[in-house]
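As provided, entry-v2.tsv (TSV, C-alpha atoms and all ligand atoms) reads as follows.
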```tsv
chain	number	residue	atom	x	y	z
A	105	MET	CA	-35.70	-58.46	-10.27
A	106	GLY	CA	-39.12	-59.65	-9.16
A	107	LYS	CA	-42.63	-59.41	-10.46
A	108	ASP	CA	-43.14	-55.95	-9.04
A	109	ALA	CA	-40.70	-54.53	-11.51
A	110	SER	CA	-42.45	-56.02	-14.52
A	111	SER	CA	-45.03	-54.06	-16.42
A	112	PRO	CA	-48.76	-54.65	-15.67
A	113	ASP	CA	-49.07	-56.91	-18.73
A	114	GLY	CA	-46.12	-59.05	-17.70
A	115	THR	CA	-43.63	-57.58	-20.20
A	116	PRO	CA	-40.28	-58.42	-18.63
A	117	PRO	CA	-37.78	-55.70	-17.80
A	118	LEU	CA	-34.72	-55.50	-20.01
A	119	GLU	CA	-31.96	-55.69	-17.48
A	120	LYS	CA	-29.85	-58.62	-16.45
A	121	GLY	CA	-31.71	-61.15	-14.33
A	122	GLY	CA	-35.00	-59.55	-15.38
A	123	GLN	CA	-37.97	-61.83	-15.02
A	124	GLY	CA	-41.62	-61.04	-15.42
A	125	GLY	CA	-41.77	-63.27	-18.43
A	126	ILE	CA	-41.03	-66.96	-18.55
A	127	ALA	CA	-37.75	-67.59	-16.82
A	128	SER	CA	-35.37	-70.37	-17.67
A	129	SER	CA	-34.25	-72.71	-14.95
A	130	SER	CA	-31.94	-74.64	-17.26
A	131	GLY	CA	-30.29	-71.69	-18.97
A	132	ALA	CA	-30.62	-73.64	-22.24
A	133	SER	CA	-30.57	-71.47	-25.32
A	134	PHE	CA	-33.14	-71.76	-28.07
A	135	LYS	CA	-33.70	-70.21	-31.45
A	136	LYS	CA	-36.04	-67.31	-32.10
A	137	ASN	CA	-39.66	-68.47	-32.48
A	138	ASP	CA	-38.88	-72.00	-31.28
A	139	PRO	CA	-40.79	-72.97	-28.14
A	140	HIS	CA	-38.45	-73.49	-25.24
A	141	PRO	CA	-37.91	-77.25	-24.72
A	142	GLU	CA	-38.71	-76.97	-21.00
A	143	PHE	CA	-42.22	-75.84	-21.85
A	144	LEU	CA	-42.83	-77.96	-24.92
A	145	ARG	CA	-42.81	-80.99	-22.66
A	146	LYS	CA	-45.57	-79.48	-20.54
A	147	ILE	CA	-47.95	-78.33	-23.26
A	148	PRO	CA	-50.66	-80.85	-24.13
A	149	THR	CA	-51.22	-80.78	-27.91
A	150	SER	CA	-54.84	-79.77	-27.44
A	151	PRO	CA	-55.14	-78.12	-24.01
A	152	LEU	CA	-58.79	-77.11	-24.23
A	153	GLN	CA	-61.38	-79.23	-25.99
A	154	GLY	CA	-65.12	-79.37	-26.52
A	155	GLU	CA	-67.50	-76.89	-24.93
A	156	VAL	CA	-65.52	-74.43	-22.82
A	157	ARG	CA	-66.95	-71.51	-20.89
A	158	ILE	CA	-65.06	-68.23	-20.97
A	159	GLY	CA	-64.46	-68.31	-17.19
A	160	ASP	CA	-63.12	-71.87	-17.36
A	161	ALA	CA	-60.97	-71.00	-20.37
A	162	LEU	CA	-59.36	-68.25	-18.30
A	163	VAL	CA	-58.53	-70.56	-15.41
A	164	CYS	CA	-57.33	-73.41	-17.67
A	165	GLY	CA	-55.25	-71.00	-19.74
A	166	ALA	CA	-53.58	-69.64	-16.61
A	167	THR	CA	-52.83	-73.20	-15.47
A	168	LEU	CA	-51.25	-74.00	-18.82
A	169	LEU	CA	-49.09	-70.89	-18.49
A	170	SER	CA	-47.97	-71.69	-14.97
A	171	GLN	CA	-44.32	-71.18	-15.95
A	172	SER	CA	-45.05	-67.53	-16.67
A	173	GLU	CA	-44.54	-64.93	-13.94
A	174	THR	CA	-48.02	-63.60	-14.78
A	175	PRO	CA	-50.14	-66.60	-15.89
A	176	LEU	CA	-53.62	-65.25	-15.15
A	177	LEU	CA	-52.84	-61.88	-16.66
A	178	ASP	CA	-51.39	-63.48	-19.81
A	179	ALA	CA	-54.42	-65.76	-20.23
A	180	ARG	CA	-56.80	-62.85	-19.68
A	181	ILE	CA	-55.09	-60.66	-22.29
A	182	LEU	CA	-55.10	-63.50	-24.84
A	183	LEU	CA	-58.79	-64.28	-24.23
A	184	LYS	CA	-59.76	-60.60	-24.47
A	185	HIS	CA	-57.78	-60.35	-27.70
A	186	ILE	CA	-59.56	-63.33	-29.27
A	187	LEU	CA	-63.01	-62.14	-28.21
A	188	ALA	CA	-62.21	-58.43	-28.86
A	189	ILE	CA	-63.72	-57.47	-25.49
A	190	ASP	CA	-62.58	-55.55	-22.41
A	191	ASP	CA	-62.15	-56.69	-18.79
A	192	ALA	CA	-65.71	-55.83	-17.80
A	193	ALA	CA	-67.18	-57.87	-20.68
A	194	LEU	CA	-64.89	-60.79	-19.88
A	195	ILE	CA	-66.38	-60.97	-16.39
A	196	ALA	CA	-69.95	-60.37	-17.57
A	197	ARG	CA	-69.68	-63.12	-20.19
A	198	ALA	CA	-67.80	-65.65	-18.01
A	199	ARG	CA	-70.56	-68.27	-18.34
A	200	GLU	CA	-70.84	-68.02	-22.14
A	201	THR	CA	-69.39	-70.86	-24.20
A	202	LEU	CA	-66.55	-70.31	-26.67
A	203	THR	CA	-67.11	-71.42	-30.27
A	204	PRO	CA	-64.89	-74.30	-31.49
A	205	GLU	CA	-62.97	-71.76	-33.64
A	206	GLN	CA	-62.36	-69.57	-30.60
A	207	VAL	CA	-61.13	-72.57	-28.59
A	208	GLU	CA	-58.76	-73.50	-31.41
A	209	HIS	CA	-57.50	-69.92	-31.69
A	210	TYR	CA	-57.02	-69.70	-27.91
A	211	ASN	CA	-55.09	-72.98	-27.84
A	212	ALA	CA	-52.79	-71.69	-30.56
A	213	LEU	CA	-52.08	-68.43	-28.69
A	214	LEU	CA	-51.52	-70.28	-25.40
A	215	ALA	CA	-48.97	-72.51	-27.12
A	216	ARG	CA	-47.13	-69.45	-28.46
A	217	ARG	CA	-47.05	-67.88	-25.02
A	218	ALA	CA	-45.92	-71.15	-23.44
A	219	GLY	CA	-43.10	-71.06	-25.99
A	220	CYS	CA	-41.96	-67.77	-24.38
A	221	GLU	CA	-43.28	-65.39	-27.05
A	222	PRO	CA	-44.19	-62.09	-25.35
A	223	VAL	CA	-47.92	-61.38	-25.05
A	224	ALA	CA	-47.52	-58.05	-26.89
A	225	TYR	CA	-46.07	-59.76	-29.98
A	226	ILE	CA	-48.90	-62.32	-29.91
A	227	THR	CA	-51.64	-59.67	-29.74
A	228	GLY	CA	-49.67	-57.19	-31.89
A	229	THR	CA	-50.36	-54.28	-29.54
A	230	LYS	CA	-48.94	-52.68	-26.42
A	231	GLU	CA	-50.28	-49.77	-24.43
A	232	PHE	CA	-47.81	-47.05	-23.48
A	233	TRP	CA	-48.67	-43.73	-21.87
A	234	SER	CA	-52.37	-44.67	-22.29
A	235	LEU	CA	-51.92	-44.89	-26.07
A	236	ASP	CA	-52.16	-48.11	-28.10
A	237	PHE	CA	-49.14	-49.01	-30.22
A	238	LYS	CA	-48.83	-51.63	-32.91
A	239	VAL	CA	-45.82	-53.85	-32.21
A	240	THR	CA	-44.13	-56.66	-34.12
A	241	SER	CA	-40.91	-58.53	-33.41
A	242	ASP	CA	-39.13	-55.80	-35.44
A	243	VAL	CA	-39.47	-53.37	-32.55
A	244	LEU	CA	-38.80	-53.39	-28.84
A	245	ILE	CA	-41.98	-53.73	-26.78
A	246	PRO	CA	-42.53	-50.34	-25.09
A	247	ARG	CA	-41.87	-50.59	-21.34
A	248	ASP	CA	-43.92	-48.68	-18.77
A	249	ASP	CA	-40.65	-47.69	-17.09
A	250	SER	CA	-39.84	-45.52	-20.14
A	251	GLY	CA	-42.66	-43.26	-18.96
A	252	ALA	CA	-39.98	-41.76	-16.66
A	253	LEU	CA	-38.48	-40.17	-19.76
A	254	ILE	CA	-41.81	-38.57	-20.73
A	255	GLU	CA	-42.28	-37.32	-17.16
A	256	ALA	CA	-38.77	-35.86	-17.14
A	257	VAL	CA	-39.58	-33.76	-20.22
A	258	LEU	CA	-43.00	-32.75	-18.84
A	259	ALA	CA	-41.30	-31.59	-15.64
A	260	ARG	CA	-38.99	-29.24	-17.58
A	261	ARG	CA	-41.04	-27.83	-20.46
A	262	ASN	CA	-44.49	-26.21	-20.71
A	263	ARG	CA	-47.17	-28.10	-22.57
A	264	ASN	CA	-47.95	-25.15	-24.85
A	265	GLU	CA	-44.35	-24.72	-26.07
A	266	ALA	CA	-43.65	-25.32	-29.76
A	267	LEU	CA	-40.67	-27.63	-29.40
A	268	ARG	CA	-38.69	-29.45	-32.04
A	269	ILE	CA	-38.07	-32.93	-30.65
A	270	ALA	CA	-35.69	-35.68	-31.81
A	271	ASP	CA	-36.29	-39.27	-30.66
A	272	LEU	CA	-33.21	-41.37	-31.37
A	273	GLY	CA	-33.79	-45.12	-31.78
A	274	THR	CA	-37.52	-44.54	-32.07
A	275	GLY	CA	-38.54	-48.22	-32.45
A	276	SER	CA	-42.35	-48.32	-32.33
A	277	GLY	CA	-42.35	-44.50	-32.08
A	278	CYS	CA	-43.86	-44.77	-28.59
A	279	LEU	CA	-41.74	-42.06	-26.95
A	280	LEU	CA	-42.13	-39.47	-29.70
A	281	CYS	CA	-45.89	-40.13	-30.02
A	282	ALA	CA	-46.35	-39.91	-26.23
A	283	LEU	CA	-44.48	-36.59	-26.14
A	284	LEU	CA	-46.40	-35.16	-29.10
A	285	SER	CA	-49.65	-36.16	-27.38
A	286	GLU	CA	-48.57	-34.09	-24.36
A	287	PHE	CA	-47.11	-31.14	-26.32
A	288	PRO	CA	-49.78	-30.32	-28.93
A	289	ALA	CA	-47.84	-27.39	-30.44
A	290	SER	CA	-44.66	-29.41	-30.91
A	291	GLU	CA	-43.31	-31.50	-33.76
A	292	GLY	CA	-40.74	-34.23	-33.87
A	293	VAL	CA	-38.47	-36.55	-35.80
A	294	GLY	CA	-38.07	-40.21	-34.89
A	295	ILE	CA	-34.93	-41.90	-36.22
A	296	ASP	CA	-34.10	-45.58	-36.34
A	297	CYS	CA	-31.53	-47.64	-38.22
A	298	SER	CA	-34.16	-50.36	-38.78
A	299	PRO	CA	-36.37	-49.68	-41.83
A	300	ALA	CA	-39.02	-52.05	-40.40
A	301	ALA	CA	-39.12	-50.04	-37.16
A	302	VAL	CA	-39.46	-46.77	-39.09
A	303	SER	CA	-42.48	-48.09	-40.95
A	304	ILE	CA	-44.12	-49.33	-37.72
A	305	ALA	CA	-43.47	-45.98	-36.03
A	306	ARG	CA	-45.04	-44.20	-39.01
A	307	ALA	CA	-48.10	-46.46	-38.84
A	308	ASN	CA	-48.44	-45.76	-35.11
A	309	ALA	CA	-48.25	-41.98	-35.54
A	310	ASN	CA	-50.85	-42.26	-38.28
A	311	MET	CA	-53.14	-44.41	-36.11
A	312	LEU	CA	-52.84	-41.89	-33.26
A	313	GLY	CA	-53.56	-38.89	-35.50
A	314	LEU	CA	-50.05	-37.48	-34.97
A	315	SER	CA	-48.54	-37.95	-38.43
A	316	ALA	CA	-48.80	-34.25	-39.36
A	317	ARG	CA	-46.35	-33.46	-36.55
A	318	ALA	CA	-44.21	-36.61	-36.61
A	319	GLN	CA	-41.63	-37.49	-39.22
A	320	PHE	CA	-39.79	-40.81	-39.17
A	321	ILE	CA	-36.45	-41.35	-40.89
A	322	GLU	CA	-34.12	-44.29	-41.31
A	323	GLY	CA	-30.51	-43.72	-40.31
A	324	ASP	CA	-27.77	-43.56	-37.72
A	325	TRP	CA	-28.91	-41.54	-34.67
A	326	LEU	CA	-28.92	-37.80	-35.56
A	327	ALA	CA	-27.09	-38.16	-38.88
A	328	PRO	CA	-30.13	-38.16	-41.22
A	329	ALA	CA	-31.95	-35.25	-39.51
A	330	SER	CA	-31.21	-31.61	-40.24
A	331	GLY	CA	-31.11	-28.56	-37.95
A	332	THR	CA	-31.13	-28.31	-34.19
A	333	PHE	CA	-33.56	-29.68	-31.62
A	334	ASP	CA	-35.06	-28.20	-28.44
A	335	VAL	CA	-35.38	-31.67	-26.94
A	336	ILE	CA	-33.32	-34.75	-27.75
A	337	ILE	CA	-34.48	-38.00	-26.18
A	338	ALA	CA	-33.15	-41.50	-26.66
A	339	ASN	CA	-33.80	-44.96	-25.34
A	340	PRO	CA	-30.92	-46.64	-27.16
A	341	PRO	CA	-29.74	-50.23	-26.75
A	342	TYR	CA	-27.82	-50.42	-23.47
A	343	ILE	CA	-27.36	-54.08	-22.50
A	344	PRO	CA	-23.76	-55.37	-22.43
A	345	LEU	CA	-23.34	-58.24	-24.90
A	346	GLY	CA	-22.15	-60.52	-22.11
A	347	ASP	CA	-25.49	-60.18	-20.27
A	348	ARG	CA	-27.40	-61.95	-23.05
A	349	ASP	CA	-27.71	-65.27	-21.22
A	350	SER	CA	-29.07	-63.68	-18.06
A	351	LEU	CA	-31.99	-61.92	-19.77
A	352	ALA	CA	-35.55	-63.29	-19.47
A	353	LEU	CA	-36.13	-65.81	-22.26
A	354	ASP	CA	-38.96	-63.69	-23.65
A	355	VAL	CA	-36.53	-60.83	-24.19
A	356	ALA	CA	-33.45	-62.68	-25.38
A	357	ALA	CA	-35.23	-64.95	-27.85
A	358	PHE	CA	-37.86	-62.62	-29.28
A	359	GLU	CA	-36.96	-58.93	-29.04
A	360	PRO	CA	-34.66	-57.57	-31.76
A	361	ALA	CA	-30.98	-57.84	-30.82
A	362	GLY	CA	-30.34	-54.43	-32.45
A	363	ALA	CA	-32.67	-52.86	-29.88
A	364	LEU	CA	-31.01	-54.55	-26.91
A	365	PHE	CA	-27.25	-54.81	-27.09
A	366	ALA	CA	-24.65	-52.05	-27.17
A	367	GLY	CA	-21.14	-53.49	-27.14
A	368	ALA	CA	-19.07	-55.03	-24.39
A	369	ASP	CA	-19.96	-52.48	-21.70
A	370	GLY	CA	-23.44	-51.46	-22.93
A	371	PHE	CA	-22.34	-47.87	-23.58
A	372	ASP	CA	-21.54	-47.98	-27.33
A	373	ALA	CA	-24.79	-46.27	-28.37
A	374	TYR	CA	-24.34	-43.47	-25.79
A	375	ARG	CA	-20.82	-42.82	-27.08
A	376	GLN	CA	-22.08	-42.61	-30.67
A	377	ILE	CA	-24.98	-40.32	-29.76
A	378	LEU	CA	-22.84	-38.02	-27.62
A	379	ALA	CA	-20.36	-37.67	-30.47
A	380	GLN	CA	-23.17	-36.34	-32.71
A	381	ALA	CA	-25.26	-34.36	-30.23
A	382	PRO	CA	-23.24	-31.23	-29.29
A	383	ASP	CA	-24.00	-29.31	-32.50
A	384	ARG	CA	-27.57	-30.53	-32.73
A	385	LEU	CA	-29.01	-29.41	-29.39
A	386	ALA	CA	-30.51	-25.89	-29.29
A	387	GLY	CA	-28.91	-23.27	-27.01
A	388	ASP	CA	-31.50	-23.84	-24.27
A	389	GLY	CA	-32.02	-27.48	-25.18
A	390	LEU	CA	-32.90	-30.49	-23.06
A	391	MET	CA	-31.28	-33.88	-23.59
A	392	ILE	CA	-32.43	-37.06	-21.79
A	393	MET	CA	-31.43	-40.67	-22.32
A	394	GLU	CA	-32.80	-43.84	-20.73
A	395	CYS	CA	-30.39	-46.43	-19.32
A	396	GLY	CA	-30.26	-49.54	-17.14
A	397	PRO	CA	-30.55	-49.12	-13.36
A	398	ASP	CA	-26.82	-49.57	-12.75
A	399	GLN	CA	-25.74	-47.28	-15.59
A	400	ALA	CA	-27.21	-43.90	-14.56
A	401	ASP	CA	-24.15	-42.55	-12.72
A	402	SER	CA	-21.77	-43.51	-15.54
A	403	LEU	CA	-24.15	-42.02	-18.11
A	404	ALA	CA	-24.39	-38.79	-16.10
A	405	LEU	CA	-20.57	-38.66	-16.09
A	406	MET	CA	-20.49	-39.13	-19.87
A	407	LEU	CA	-23.06	-36.34	-20.29
A	408	ARG	CA	-20.97	-34.06	-18.09
A	409	GLY	CA	-18.11	-34.55	-20.50
A	410	MET	CA	-20.16	-33.57	-23.56
A	411	ALA	CA	-19.27	-30.20	-25.03
A	412	GLY	CA	-21.86	-27.62	-24.00
A	413	ALA	CA	-23.55	-29.85	-21.42
A	414	ALA	CA	-25.15	-28.46	-18.27
A	415	GLU	CA	-25.09	-30.12	-14.84
A	416	PRO	CA	-26.61	-33.61	-15.37
A	417	PHE	CA	-29.61	-35.00	-13.52
A	418	THR	CA	-30.70	-38.61	-13.19
A	419	MET	CA	-34.28	-39.91	-13.35
A	420	ARG	CA	-36.00	-42.87	-11.70
A	421	ASP	CA	-38.51	-45.43	-12.97
A	422	LEU	CA	-41.80	-46.64	-11.46
A	423	ALA	CA	-39.95	-48.89	-9.00
A	424	GLY	CA	-37.72	-45.98	-7.92
A	425	ARG	CA	-34.59	-47.33	-9.61
A	426	PRO	CA	-32.26	-45.00	-11.56
A	427	ARG	CA	-33.45	-45.20	-15.18
A	428	GLY	CA	-31.70	-42.44	-17.12
A	429	ALA	CA	-29.75	-39.23	-17.14
A	430	GLY	CA	-29.90	-35.90	-18.91
A	431	PHE	CA	-29.16	-32.21	-18.73
A	432	ASP	CA	-31.13	-29.04	-19.31
A	433	ARG	CA	-29.37	-25.96	-20.65
A	434	ARG	CA	-32.36	-23.78	-19.74
A	435	ASN	CA	-31.70	-22.04	-16.41
A	436	ALA	CA	-28.54	-24.12	-16.15
A	437	ASP	CA	-25.41	-23.31	-14.20
A	438	LYS	CA	-23.52	-21.01	-16.59
A	439	SER	CA	-20.08	-22.16	-15.45
A	440	LEU	CA	-20.78	-25.69	-16.59
A	441	GLN	CA	-22.31	-24.46	-19.85
A	442	LYS	CA	-18.96	-22.95	-20.76
A	443	ARG	CA	-17.22	-26.34	-20.64
A	444	ASP	CA	-16.03	-27.71	-23.94
T	501	LIG	C1	-34.13	-49.96	-26.82
T	501	LIG	S1	-34.89	-49.74	-28.43
T	501	LIG	C2	-35.97	-48.37	-28.06
T	501	LIG	C3	-37.22	-48.31	-28.90
T	501	LIG	C4	-38.23	-47.26	-28.44
T	501	LIG	N1	-37.64	-45.93	-28.44
T	501	LIG	C5	-38.77	-47.59	-27.06
T	501	LIG	O1	-38.43	-46.87	-26.11
T	501	LIG	O2	-39.52	-48.56	-26.93
T	501	LIG	C6	-33.54	-49.02	-29.30
T	501	LIG	C7	-33.81	-48.69	-30.75
T	501	LIG	O3	-32.60	-48.10	-31.27
T	501	LIG	C8	-32.46	-48.51	-32.61
T	501	LIG	N2	-31.04	-48.33	-33.01
T	501	LIG	C9	-29.97	-49.12	-32.71
T	501	LIG	N3	-28.85	-48.61	-33.25
T	501	LIG	C10	-29.21	-47.46	-33.90
T	501	LIG	C11	-28.49	-46.49	-34.64
T	501	LIG	N4	-27.17	-46.58	-34.83
T	501	LIG	N5	-29.17	-45.43	-35.16
T	501	LIG	C12	-30.52	-45.34	-34.97
T	501	LIG	N6	-31.25	-46.23	-34.27
T	501	LIG	C13	-30.61	-47.28	-33.73
T	501	LIG	C14	-32.94	-49.95	-32.63
T	501	LIG	O4	-33.28	-50.37	-33.92
T	501	LIG	C15	-34.13	-49.86	-31.66
T	501	LIG	O5	-35.32	-49.62	-32.35
```

Please express what this file holds, its structure, as structure tokens.
Ligand SMILES: C[S@@+](CC[C@H](N)C(=O)[O-])C[C@H]1O[C@@H](n2cnc3c(N)ncnc32)[C@H](O)[C@@H]1O
Amino acid sequence: MGKDASSPDGTPPLEKGGQGGIASSSGASFKKNDPHPEFLRKIPTSPLQGEVRIGDALVCGATLLSQSETPLLDARILLKHILAIDDAALIARARETLTPEQVEHYNALLARRAGCEPVAYITGTKEFWSLDFKVTSDVLIPRDDSGALIEAVLARRNRNEALRIADLGTGSGCLLCALLSEFPASEGVGIDCSPAAVSIARANANMLGLSARAQFIEGDWLAPASGTFDVIIANPPYIPLGDRDSLALDVAAFEPAGALFAGADGFDAYRQILAQAPDRLAGDGLMIMECGPDQADSLALMLRGMAGAAEPFTMRDLAGRPRGAGFDRRNADKSLQKRD
């Protein structure tokens, strides 16, 4: 997986062999929040000193992050974060000098990034579907590729419909909030087994002015929610446990394991969700789940086997790779609907 598949802010993809972050050449493991030894050796204790212009800070920062797949981008995001300015202001103010406090702050953030911490955890925010989400290491960093899931719903439902949506494994709440921003008459429930994730998702919905239509509950997939849903979406953990060592270091060492791994074959979460879903999807409901690029056909097969499923479809991500599967009972082939 090359740079092209990583998100515009360098967030690495989740799948095996995914780079886009800082990749290990040694394969050495390291503990969460510990800088990777390969990079510790390369980080001067005080990379930038004295009077530093913003433009020079950008170039020096990128040089210090040369092990990243996206050094200039990383340095730019960190500098913008410290100065609380946008891209245009960064260029316009390139010849201004940073204060000593700003230099110190920048050095500290560069050291964290050089230690493999994802940029989104350092800045505490990640944009998804043109909305800003608060993120901490308690939640998966939203990936641009998950936009395929939002597009798949938009392609099958009208914006003015009043839908009841369930988002299973809501994490930061990014998928539910993105859908509610597109379907202004709809409401939804985001469920996650992590209490920390539930509180971050709630804060995000609040920040985006969506809390009146978004409820967040702690629990096991659909179990804590009542009633049926017109749309069920899920981006559950789907990485096989054995793939851990081949993930980008940024992912393996910093993102929550409970958001990544799903048993020996990566399908445990799908099995659990599909066991709960048949009674909880409305008669003309739509169900869509994200998966890894090499899992879409198997997931479509599993969906086919679900009681009351319609003919499955698969969806593709920004790079054109298979990224999920689902089915839509509305206008579906009646013969398949009768399966149980
Ligand atoms: C891959 S992350 C997806 C987060 C978010 N929906 C996104 O797309 O960025 C999967 C999420 O599922 C949650 N999860 C794992 N097992 C769960 C379970 N049994 N019930 C509910 N949520 C679960 C994790 O805590 C994590 O937040």

**Request:** Can you work out which one of A:Val335, A:Ala361, A:Ala381, A:Ala256 has the shortest atom-to-atom distance to ligand LIG 501 (chain T), counting all atoms listed in the file?
**Result:**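 Going through A:Val335, A:Ala361, A:Ala381, A:Ala256 one by one, the smallest distance to ligand LIG 501 (chain T) is for A:Ala361.
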
**Among the residues A:Gln206, A:Ile304, A:Ala161, A:Ala179, the one that comes closest to Gly228 of chain A [using all atoms listed in the file]** =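 Of the candidates, the smallest distance to Gly228 of chain A is held by A:Ile304.
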
Which residues are near ligand LIG 501 (chain T) in this structure, taking near to mean any atom at most 8 Å from a ligand atom and counting all atoms listed in the file? Format them as an mmCIF file with C-alpha atoms, keeping the file's coordinate frame.
```cif
data_model
loop_
_atom_site.group_PDB
_atom_site.id
_atom_site.type_symbol
_atom_site.label_atom_id
_atom_site.label_comp_id
_atom_site.auth_asym_id
_atom_site.auth_seq_id
_atom_site.Cartn_x
_atom_site.Cartn_y
_atom_site.Cartn_z
ATOM 1 C CA ASP A 242 -39.130 -55.800 -35.440
ATOM 2 C CA VAL A 243 -39.470 -53.370 -32.550
ATOM 3 C CA LEU A 244 -38.800 -53.390 -28.840
ATOM 4 C CA ILE A 245 -41.980 -53.730 -26.780
ATOM 5 C CA PRO A 246 -42.530 -50.340 -25.090
ATOM 6 C CA ARG A 247 -41.870 -50.590 -21.340
ATOM 7 C CA SER A 250 -39.840 -45.520 -20.140
ATOM 8 C CA ASP A 271 -36.290 -39.270 -30.660
ATOM 9 C CA LEU A 272 -33.210 -41.370 -31.370
ATOM 10 C CA GLY A 273 -33.790 -45.120 -31.780
ATOM 11 C CA THR A 274 -37.520 -44.540 -32.070
ATOM 12 C CA GLY A 275 -38.540 -48.220 -32.450
ATOM 13 C CA SER A 276 -42.350 -48.320 -32.330
ATOM 14 C CA GLY A 277 -42.350 -44.500 -32.080
ATOM 15 C CA CYS A 278 -43.860 -44.770 -28.590
ATOM 16 C CA LEU A 279 -41.740 -42.060 -26.950
ATOM 17 C CA LEU A 280 -42.130 -39.470 -29.700
ATOM 18 C CA ILE A 295 -34.930 -41.900 -36.220
ATOM 19 C CA ASP A 296 -34.100 -45.580 -36.340
ATOM 20 C CA CYS A 297 -31.530 -47.640 -38.220
ATOM 21 C CA SER A 298 -34.160 -50.360 -38.780
ATOM 22 C CA ALA A 301 -39.120 -50.040 -37.160
ATOM 23 C CA GLU A 322 -34.120 -44.290 -41.310
ATOM 24 C CA GLY A 323 -30.510 -43.720 -40.310
ATOM 25 C CA ASP A 324 -27.770 -43.560 -37.720
ATOM 26 C CA TRP A 325 -28.910 -41.540 -34.670
ATOM 27 C CA LEU A 326 -28.920 -37.800 -35.560
ATOM 28 C CA ALA A 338 -33.150 -41.500 -26.660
ATOM 29 C CA ASN A 339 -33.800 -44.960 -25.340
ATOM 30 C CA PRO A 340 -30.920 -46.640 -27.160
ATOM 31 C CA PRO A 341 -29.740 -50.230 -26.750
ATOM 32 C CA TYR A 342 -27.820 -50.420 -23.470
ATOM 33 C CA PRO A 360 -34.660 -57.570 -31.760
ATOM 34 C CA GLY A 362 -30.340 -54.430 -32.450
ATOM 35 C CA ALA A 363 -32.670 -52.860 -29.880
ATOM 36 C CA LEU A 364 -31.010 -54.550 -26.910
ATOM 37 C CA ALA A 373 -24.790 -46.270 -28.370
ATOM 38 C CA GLN A 376 -22.080 -42.610 -30.670
#
```

**Message:** I'd like the contact shell of segment 229-232 of chain A - 9 Å cut-off, only C-alpha atoms, skipping same-chain residues fewer than 2 positions apart - returned as a PyMOL selection string.
**Reply:** chain A and resi 113+223-227+234-240+245-248+250-251+278-279+282

**Prompt:** Which is closest to Met406 of chain A among A:Arg157, A:Arg420, A:Arg427, A:Arg375, if we use only C-alpha atoms?
**Reply:**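 Among the listed residues, A:Arg375 lies closest to Met406 of chain A.
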
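In this model, the gap between atom CA of Arg268 of chain A and atom CA of Ile254 of chain A comes to 14.9 Å.
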
**Message:** Neighbouring residues of Leu267 of chain A were defined as those with any atom within 9 Å, considering only C-alpha atoms; residues of the same chain fewer than 4 positions away were excluded. Please report them as a list in words.
**Reply:**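 Neighbouring residues, sequence-local ones excluded: Arg261, Phe287, Ala289, Ser290, Glu291, Gly292, Phe333, Asp334 and Val335 of chain A.
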
**Request:** Can you pull out every residue within 12 Å of Gly396 of chain A, counting all atoms listed in the file, but drop anything in the same chain fewer than 5 positions away, and send it as a PyMOL selection string?
**Result:** chain A and resi 117-120+122+249-250+339-344+364-366+369-371+401-403+418-421+425-429

**Asked** Of the candidates A:Asp160, A:Arg384, A:Gln171, A:Gly219, which one gets nearest to Leu194 of chain A if we count only C-alpha atoms?
**Response**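 Nearest to Leu194 of chain A: A:Asp160.
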
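Between atom CA of Ser241 of chain A and atom CA of Asp178 of chain A the separation is 17.9 Å.
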
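For the pair atom CA of Leu385 of chain A and atom CA of Thr332 of chain A, the interatomic distance is 5.4 Å.
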
List the residues sitting within 7 Å of (-68.0, -71.4, -17.3) in the file's frame, using only C-alpha atoms, as an mmCIF file with C-alpha atoms, in the coordinates of the input.
```cif
data_model
loop_
_atom_site.group_PDB
_atom_site.id
_atom_site.type_symbol
_atom_site.label_atom_id
_atom_site.label_comp_id
_atom_site.auth_asym_id
_atom_site.auth_seq_id
_atom_site.Cartn_x
_atom_site.Cartn_y
_atom_site.Cartn_z
ATOM 1 C CA VAL A 156 -65.520 -74.430 -22.820
ATOM 2 C CA ARG A 157 -66.950 -71.510 -20.890
ATOM 3 C CA ILE A 158 -65.060 -68.230 -20.970
ATOM 4 C CA GLY A 159 -64.460 -68.310 -17.190
ATOM 5 C CA ASP A 160 -63.120 -71.870 -17.360
ATOM 6 C CA ALA A 198 -67.800 -65.650 -18.010
ATOM 7 C CA ARG A 199 -70.560 -68.270 -18.340
ATOM 8 C CA GLU A 200 -70.840 -68.020 -22.140
#
```

So that all listed atoms of segment 327-346 of chain A fit with 5 Å spare on each side, what axis-aligned box centre and edge lengths in Å, to one decimal, would you give as AutoDock Vina command-line options?
```
--center_x -28.8 --center_y -44.4 --center_z -31.7 --size_x 23.2 --size_y 42.3 --size_z 29.1
```

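Ranking A:Ala327, A:Ile337, A:Cys220, A:Ala414 by their shortest atom-to-atom distance to Phe431 of chain A, with only C-alpha atoms included, puts A:Ala414 first.
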
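Taking all atoms listed in the file into account, Leu284 of chain A lies nearest to A:Ala318 out of the set A:Ala270, A:Ala252, A:Leu390, A:Ala318.
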